[in-house]
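Undergrad: Supplied in structure tokens, the structure appears directly below.
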Amino acid sequence: MADTKSTDLQKRQDAQVQQAVEPASNERLFIAPTDIRETNENIILMADMPGVRPDGVAVTLENNVLTVRGTVADEHRSTEAPAYEEYESGNYQRSFTLSDEIDRDGIEARMNNGVLTLTLPKTMPSQKKIEVKTG
Amino acid sequence: MYSFGWQGYQNPWRRMREMEQEMSRLLGDYSGTRPASFPPVNIYADNDGATVAAELSGVDPQDLDISVHGHTLAVRGERKTPEDSENARWLRQERVFGQFSRNIDLAFDVDPESVEAMYRDGVLKIRLRRAESDKPKQIAVSS
């Protein structure tokens, strides 16, 4: 069933997130709210990272683990204590485990208005039809 | 829960914001990752006025409506759902979409002519100056 793979993907993401939120330094790291959608051709990941410029984004892929990191531009860091505060500025990091069906060389990253969009093309599985013989 | 009657004098804008925050909190509890209000704002105050910063990624500046009345700043807009989402299957949804509206009470009268707003890297910054009539006046003491 086509659904099985996606459910597995999601379960493993949760496990990865657990690991990602334990940085070894005292740097402030936030988990960027992320949407993941799947079309026939691609898996599309969109992450909110307000305050991050295109040159502040690092996307790495190692051993099936895709890591997204965003460094907030100096301009958007608080230099003084706000009189009223609802958010804190800091960097973003998050990791996802990819299934084998992603074409690694075709991954595209775009940063626009503080939203990172990653397009992960799916590799077309080689079609192999097994004929069932009767008789 | 809220009672809607007036209990003595209360600033109606503050009351509205409280209700708005309460609504957002109730809805936000669902995922546990959403801030209390959208967009979250920080206010930096100084002698001349204040700067309001809002974390508001993924919005077309054309869809933002910013206005000032008295000492209230209103920020309204819409964060649109991605275009291709109709044909897609959602595997994970944590970001919020739709219309939002925030009314921020600044505690000083704003000079409406001097308001400047800038949207960059998903952060909205609004500079608001105190109206001349609202500025403190130095009173000379004559002997």
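As shown in the structure tokens, the chain order sets the letters A, B, ...; within each chain, residues go from 1, and ligands are also counted from 1 in the order they appear.
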Show which residues sit within 7 Å of region 40-49 of chain B, as a list of chain:residue names. Count only C-alpha atoms, and ignore same-chain residues fewer than 6 positions away.

TA: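 The contact residues come out as A:Pro82, A:Ala83, A:Tyr84, A:Glu85, A:Glu86, A:Tyr87, B:Glu55, B:Leu128, B:Arg129, B:Arg130.
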
Undergrad: Using the selection just defined, write its residues with all heavy atoms as a PDB file, in the first residue's frame.

TA:
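Written file, out11.pdb:
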```
ATOM      1  N   PRO A  82      12.902  43.767  25.139  1.00  0.00           N
ATOM      2  CA  PRO A  82      11.629  44.367  24.748  1.00  0.00           C
ATOM      3  C   PRO A  82      10.802  44.774  25.976  1.00  0.00           C
ATOM      4  O   PRO A  82      10.907  44.147  27.036  1.00  0.00           O
ATOM      5  CB  PRO A  82      10.922  43.243  23.983  1.00  0.00           C
ATOM      6  CG  PRO A  82      11.857  42.113  23.894  1.00  0.00           C
ATOM      7  CD  PRO A  82      12.950  42.329  24.865  1.00  0.00           C
ATOM      8  N   ALA A  83       9.996  45.813  25.789  1.00  0.00           N
ATOM      9  CA  ALA A  83       9.102  46.229  26.862  1.00  0.00           C
ATOM     10  C   ALA A  83       7.975  45.208  27.022  1.00  0.00           C
ATOM     11  O   ALA A  83       7.399  45.047  28.092  1.00  0.00           O
ATOM     12  CB  ALA A  83       8.530  47.606  26.537  1.00  0.00           C
ATOM     13  N   TYR A  84       7.678  44.541  25.938  1.00  0.00           N
ATOM     14  CA  TYR A  84       6.632  43.520  25.920  1.00  0.00           C
ATOM     15  C   TYR A  84       7.116  42.431  24.978  1.00  0.00           C
ATOM     16  O   TYR A  84       7.560  42.719  23.864  1.00  0.00           O
ATOM     17  CB  TYR A  84       5.318  44.148  25.424  1.00  0.00           C
ATOM     18  CG  TYR A  84       4.197  43.175  25.211  1.00  0.00           C
ATOM     19  CD1 TYR A  84       3.496  42.639  26.295  1.00  0.00           C
ATOM     20  CD2 TYR A  84       3.831  42.791  23.924  1.00  0.00           C
ATOM     21  CE1 TYR A  84       2.471  41.738  26.087  1.00  0.00           C
ATOM     22  CE2 TYR A  84       2.803  41.901  23.711  1.00  0.00           C
ATOM     23  CZ  TYR A  84       2.122  41.381  24.800  1.00  0.00           C
ATOM     24  OH  TYR A  84       1.111  40.488  24.588  1.00  0.00           O
ATOM     25  N   GLU A  85       7.054  41.183  25.406  1.00  0.00           N
ATOM     26  CA  GLU A  85       7.674  40.131  24.610  1.00  0.00           C
ATOM     27  C   GLU A  85       6.773  38.912  24.427  1.00  0.00           C
ATOM     28  O   GLU A  85       6.269  38.354  25.396  1.00  0.00           O
ATOM     29  CB  GLU A  85       8.974  39.683  25.298  1.00  0.00           C
ATOM     30  CG  GLU A  85       9.772  38.676  24.488  1.00  0.00           C
ATOM     31  CD  GLU A  85      11.099  38.338  25.141  1.00  0.00           C
ATOM     32  OE1 GLU A  85      11.087  37.915  26.308  1.00  0.00           O
ATOM     33  OE2 GLU A  85      12.147  38.506  24.484  1.00  0.00           O
ATOM     34  N   GLU A  86       6.589  38.507  23.175  1.00  0.00           N
ATOM     35  CA  GLU A  86       5.838  37.273  22.891  1.00  0.00           C
ATOM     36  C   GLU A  86       6.700  36.238  22.186  1.00  0.00           C
ATOM     37  O   GLU A  86       6.303  35.099  22.056  1.00  0.00           O
ATOM     38  CB  GLU A  86       4.619  37.586  22.017  1.00  0.00           C
ATOM     39  CG  GLU A  86       3.536  38.315  22.767  1.00  0.00           C
ATOM     40  CD  GLU A  86       2.327  38.628  21.898  1.00  0.00           C
ATOM     41  OE1 GLU A  86       2.372  38.418  20.665  1.00  0.00           O
ATOM     42  OE2 GLU A  86       1.336  39.096  22.459  1.00  0.00           O
ATOM     43  N   TYR A  87       7.839  36.671  21.663  1.00  0.00           N
ATOM     44  CA  TYR A  87       8.731  35.685  21.042  1.00  0.00           C
ATOM     45  C   TYR A  87      10.179  36.036  21.348  1.00  0.00           C
ATOM     46  O   TYR A  87      10.504  37.175  21.645  1.00  0.00           O
ATOM     47  CB  TYR A  87       8.495  35.588  19.533  1.00  0.00           C
ATOM     48  CG  TYR A  87       8.978  36.754  18.704  1.00  0.00           C
ATOM     49  CD1 TYR A  87      10.292  36.824  18.240  1.00  0.00           C
ATOM     50  CD2 TYR A  87       8.120  37.793  18.368  1.00  0.00           C
ATOM     51  CE1 TYR A  87      10.727  37.900  17.480  1.00  0.00           C
ATOM     52  CE2 TYR A  87       8.536  38.869  17.605  1.00  0.00           C
ATOM     53  CZ  TYR A  87       9.848  38.914  17.163  1.00  0.00           C
ATOM     54  OH  TYR A  87      10.270  39.969  16.407  1.00  0.00           O
TER      55      TYR A  87
ATOM     56  N   GLU B  55       6.805  38.350  14.128  1.00  0.00           N
ATOM     57  CA  GLU B  55       7.302  37.205  13.357  1.00  0.00           C
ATOM     58  C   GLU B  55       6.171  36.718  12.476  1.00  0.00           C
ATOM     59  O   GLU B  55       5.203  36.120  12.938  1.00  0.00           O
ATOM     60  CB  GLU B  55       7.758  36.082  14.302  1.00  0.00           C
ATOM     61  CG  GLU B  55       9.109  36.346  14.912  1.00  0.00           C
ATOM     62  CD  GLU B  55       9.750  35.087  15.476  1.00  0.00           C
ATOM     63  OE1 GLU B  55       9.008  34.212  15.958  1.00  0.00           O
ATOM     64  OE2 GLU B  55      10.983  34.999  15.458  1.00  0.00           O
ATOM     65  N   LEU B 128       6.650  53.492  15.356  1.00  0.00           N
ATOM     66  CA  LEU B 128       5.556  54.389  15.714  1.00  0.00           C
ATOM     67  C   LEU B 128       6.099  55.507  16.596  1.00  0.00           C
ATOM     68  O   LEU B 128       6.778  55.237  17.587  1.00  0.00           O
ATOM     69  CB  LEU B 128       4.484  53.608  16.478  1.00  0.00           C
ATOM     70  CG  LEU B 128       3.939  52.386  15.734  1.00  0.00           C
ATOM     71  CD1 LEU B 128       3.995  51.173  16.618  1.00  0.00           C
ATOM     72  CD2 LEU B 128       2.550  52.643  15.230  1.00  0.00           C
ATOM     73  N   ARG B 129       5.799  56.734  16.191  1.00  0.00           N
ATOM     74  CA  ARG B 129       6.274  57.865  16.999  1.00  0.00           C
ATOM     75  C   ARG B 129       5.121  58.440  17.817  1.00  0.00           C
ATOM     76  O   ARG B 129       3.982  58.487  17.370  1.00  0.00           O
ATOM     77  CB  ARG B 129       6.886  58.946  16.107  1.00  0.00           C
ATOM     78  CG  ARG B 129       8.234  58.512  15.590  1.00  0.00           C
ATOM     79  CD  ARG B 129       8.986  59.613  14.868  1.00  0.00           C
ATOM     80  NE  ARG B 129      10.247  59.081  14.396  1.00  0.00           N
ATOM     81  CZ  ARG B 129      10.388  58.308  13.316  1.00  0.00           C
ATOM     82  NH1 ARG B 129       9.343  58.010  12.594  1.00  0.00           N
ATOM     83  NH2 ARG B 129      11.567  57.847  12.969  1.00  0.00           N
ATOM     84  N   ARG B 130       5.491  58.886  18.974  1.00  0.00           N
ATOM     85  CA  ARG B 130       4.545  59.515  19.883  1.00  0.00           C
ATOM     86  C   ARG B 130       4.049  60.835  19.278  1.00  0.00           C
ATOM     87  O   ARG B 130       4.851  61.597  18.724  1.00  0.00           O
ATOM     88  CB  ARG B 130       5.310  59.806  21.167  1.00  0.00           C
ATOM     89  CG  ARG B 130       4.510  59.996  22.394  1.00  0.00           C
ATOM     90  CD  ARG B 130       5.451  60.327  23.523  1.00  0.00           C
ATOM     91  NE  ARG B 130       5.917  59.141  24.221  1.00  0.00           N
ATOM     92  CZ  ARG B 130       5.413  58.721  25.382  1.00  0.00           C
ATOM     93  NH1 ARG B 130       4.443  59.403  25.957  1.00  0.00           N
ATOM     94  NH2 ARG B 130       5.871  57.657  25.966  1.00  0.00           N
TER      95      ARG B 130
END
```

Undergrad: Would you kindly return, as a list in words, each protein, DNA or RNA residue with an atom no farther than 10 Å from any atom of Pro82 (chain B), considering only C-alpha atoms and excluding same-chain residues fewer than 6 positions away?

TA: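 The residues that qualify are Met46 of chain A; Gly58 and Phe97 of chain B.
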
Undergrad: Contacts between chain A and chain B, please, where a residue of chain B counts if it comes within 9 Å (with only C-alpha atoms); show its shortest atom pair and distance in Å to one decimal, rows by chain and ascending number, as a tab-separated table.

TA:
```
residue	atom	partner	partner_atom	distance
B:Thr33	CA	A:Pro33	CA	7.3
B:Arg34	CA	A:Pro33	CA	8.2
B:Pro35	CA	A:Glu86	CA	8.1
B:Ala36	CA	A:Glu86	CA	8.2
B:Ser37	CA	A:Glu86	CA	8.5
B:Pro40	CA	A:Glu86	CA	5.4
B:Val41	CA	A:Glu86	CA	5.5
B:Asn42	CA	A:Glu85	CA	4.5
B:Ile43	CA	A:Tyr84	CA	5.0
B:Tyr44	CA	A:Pro82	CA	4.6
B:Ala45	CA	A:Ala83	CA	6.0
B:Ala54	CA	A:Tyr87	CA	8.6
B:Glu55	CA	A:Pro50	CA	5.8
B:Leu56	CA	A:Pro50	CA	6.6
B:Ser57	CA	A:Gly114	CA	4.8
B:Gly58	CA	A:Asn113	CA	5.2
B:Val59	CA	A:Asn113	CA	7.0
B:Asp60	CA	A:Asn113	CA	8.2
B:Asp84	CA	A:Thr39	CA	8.6
B:Ser85	CA	A:Arg37	CA	7.4
B:Asn87	CA	A:Thr39	CA	6.6
B:Ala88	CA	A:Thr39	CA	4.6
B:Arg89	CA	A:Glu38	CA	5.0
B:Trp90	CA	A:Arg37	CA	4.4
B:Leu91	CA	A:Ile36	CA	5.3
B:Arg92	CA	A:Ile36	CA	4.9
B:Gln93	CA	A:Asp35	CA	4.5
B:Glu94	CA	A:Pro33	CA	5.3
B:Arg95	CA	A:Pro33	CA	5.6
B:Tyr119	CA	A:Asn113	CA	8.4
B:Arg120	CA	A:Asn113	CA	6.6
B:Asp121	CA	A:Asn113	CA	4.5
B:Gly122	CA	A:Gly114	CA	4.2
B:Val123	CA	A:Pro50	CA	5.8
```

Undergrad: I need the residues from that last selection saved to file as a compact mmCIF listing (two decimals), in the first residue's frame (with N, CA, C and O atoms), if you can.

TA:
```txt
# COMPACT_ATOMS: atom_id res chain seq x y z
N THR B 33 2.41 23.55 19.45
CA THR B 33 3.59 24.23 18.91
C THR B 33 3.27 25.68 18.53
O THR B 33 4.15 26.43 18.20
N ARG B 34 2.02 26.04 18.56
CA ARG B 34 1.66 27.38 18.09
C ARG B 34 1.78 28.41 19.20
O ARG B 34 1.51 28.11 20.34
N PRO B 35 2.18 29.62 18.82
CA PRO B 35 2.23 30.68 19.82
C PRO B 35 0.83 31.07 20.27
O PRO B 35 -0.16 30.73 19.63
N ALA B 36 0.74 31.81 21.37
CA ALA B 36 -0.56 32.18 21.92
C ALA B 36 -1.37 33.01 20.95
O ALA B 36 -2.58 32.89 20.87
N SER B 37 -0.72 33.89 20.19
CA SER B 37 -1.41 34.72 19.21
C SER B 37 -0.59 34.73 17.94
O SER B 37 0.62 34.59 17.98
N PRO B 40 3.13 36.48 16.70
CA PRO B 40 3.66 36.95 17.97
C PRO B 40 4.41 38.28 17.78
O PRO B 40 5.06 38.46 16.76
N VAL B 41 4.26 39.18 18.73
CA VAL B 41 4.90 40.50 18.59
C VAL B 41 5.80 40.79 19.79
O VAL B 41 5.56 40.31 20.91
N ASN B 42 6.82 41.58 19.52
CA ASN B 42 7.64 42.18 20.58
C ASN B 42 7.51 43.68 20.45
O ASN B 42 7.41 44.20 19.34
N ILE B 43 7.50 44.37 21.58
CA ILE B 43 7.44 45.84 21.53
C ILE B 43 8.67 46.41 22.21
O ILE B 43 8.98 46.05 23.36
N TYR B 44 9.39 47.25 21.48
CA TYR B 44 10.56 47.93 22.02
C TYR B 44 10.19 49.40 22.20
O TYR B 44 9.82 50.06 21.24
N ALA B 45 10.29 49.87 23.41
CA ALA B 45 9.86 51.24 23.70
C ALA B 45 11.06 52.15 23.90
O ALA B 45 12.11 51.72 24.36
N ALA B 54 7.05 41.83 14.50
CA ALA B 54 6.17 40.66 14.47
C ALA B 54 6.81 39.56 13.62
O ALA B 54 7.30 39.83 12.53
N GLU B 55 6.81 38.35 14.13
CA GLU B 55 7.30 37.21 13.36
C GLU B 55 6.17 36.72 12.48
O GLU B 55 5.20 36.12 12.94
N LEU B 56 6.31 36.97 11.18
CA LEU B 56 5.19 36.79 10.26
C LEU B 56 5.71 36.28 8.92
O LEU B 56 5.64 36.97 7.91
N SER B 57 6.26 35.09 8.93
CA SER B 57 6.88 34.60 7.70
C SER B 57 5.83 34.13 6.69
O SER B 57 4.73 33.74 7.05
N GLY B 58 6.20 34.20 5.43
CA GLY B 58 5.37 33.66 4.37
C GLY B 58 4.13 34.45 4.02
O GLY B 58 3.12 33.90 3.61
N VAL B 59 4.21 35.78 4.19
CA VAL B 59 3.05 36.61 3.86
C VAL B 59 3.45 37.57 2.74
O VAL B 59 4.55 38.10 2.71
N ASP B 60 2.56 37.76 1.79
CA ASP B 60 2.76 38.76 0.76
C ASP B 60 2.49 40.13 1.38
O ASP B 60 1.41 40.35 1.93
N ASP B 84 -0.23 24.64 -4.35
CA ASP B 84 -0.29 23.25 -4.82
C ASP B 84 -0.92 22.31 -3.79
O ASP B 84 -0.95 21.11 -3.99
N SER B 85 -1.42 22.88 -2.69
CA SER B 85 -1.82 22.00 -1.59
C SER B 85 -3.07 21.18 -1.89
O SER B 85 -3.34 20.18 -1.24
N ASN B 87 -3.73 19.39 -4.54
CA ASN B 87 -3.42 18.09 -5.14
C ASN B 87 -2.50 17.25 -4.25
O ASN B 87 -2.16 16.14 -4.60
N ALA B 88 -2.10 17.86 -3.14
CA ALA B 88 -1.11 17.17 -2.32
C ALA B 88 -1.74 16.47 -1.13
O ALA B 88 -2.84 16.79 -0.71
N ARG B 89 -1.01 15.51 -0.62
CA ARG B 89 -1.44 14.83 0.58
C ARG B 89 -0.59 15.37 1.72
O ARG B 89 0.62 15.47 1.62
N TRP B 90 -1.24 15.76 2.81
CA TRP B 90 -0.50 16.35 3.93
C TRP B 90 0.05 15.23 4.80
O TRP B 90 -0.69 14.39 5.28
N LEU B 91 1.35 15.26 5.00
CA LEU B 91 1.97 14.28 5.88
C LEU B 91 2.17 14.88 7.27
O LEU B 91 2.26 14.18 8.26
N ARG B 92 2.27 16.20 7.30
CA ARG B 92 2.52 16.89 8.56
C ARG B 92 2.09 18.34 8.41
O ARG B 92 2.44 18.98 7.42
N GLN B 93 1.32 18.84 9.34
CA GLN B 93 0.92 20.25 9.25
C GLN B 93 1.09 20.92 10.60
O GLN B 93 0.42 20.58 11.57
N GLU B 94 2.01 21.86 10.65
CA GLU B 94 2.27 22.59 11.90
C GLU B 94 2.14 24.09 11.71
O GLU B 94 2.05 24.83 12.68
N ARG B 95 2.17 24.55 10.45
CA ARG B 95 2.10 25.99 10.20
C ARG B 95 0.63 26.41 10.11
O ARG B 95 -0.22 25.62 9.73
N TYR B 119 8.77 45.12 5.86
CA TYR B 119 8.65 43.66 5.93
C TYR B 119 9.87 43.04 5.25
O TYR B 119 10.10 43.26 4.06
N ARG B 120 10.66 42.32 6.01
CA ARG B 120 11.86 41.72 5.44
C ARG B 120 12.15 40.39 6.12
O ARG B 120 12.05 40.28 7.35
N ASP B 121 12.53 39.40 5.35
CA ASP B 121 12.91 38.06 5.87
C ASP B 121 11.81 37.46 6.76
O ASP B 121 12.11 36.73 7.71
N GLY B 122 10.57 37.79 6.49
CA GLY B 122 9.49 37.24 7.30
C GLY B 122 9.28 37.93 8.63
O GLY B 122 8.57 37.42 9.49
N VAL B 123 9.90 39.09 8.80
CA VAL B 123 9.70 39.85 10.04
C VAL B 123 9.13 41.23 9.68
O VAL B 123 9.65 41.91 8.80
```

Undergrad: One decimal, Å: what's the distance from CA of Val96 (chain B) over to CA of Leu64 (chain B), could you say?

TA: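 Computing the Euclidean distance for CA of Val96 (chain B) and CA of Leu64 (chain B) yields 16.1 Å.
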
Undergrad: Could you tell me how far CA of Gly98 (chain B) sits from CA of Ile66 (chain B), in Å to one decimal place?

TA: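 If I compute the distance from CA of Ile66 (chain B) to CA of Gly98 (chain B), I get 16.8 Å.
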
Undergrad: With only C-alpha atoms as the counted atoms, please give the residues lying no more than 6 Å from region 97-103 of chain A, apart from itself and same-chain residues fewer than 4 positions off, as a PyMOL selection string.

TA: chain A and resi 13+64-65+121-123

Undergrad: Between CA of Gln93 (chain A) and CA of Pro39 (chain B), what distance in Å does the model show, to one decimal?

TA: 20.6 Å
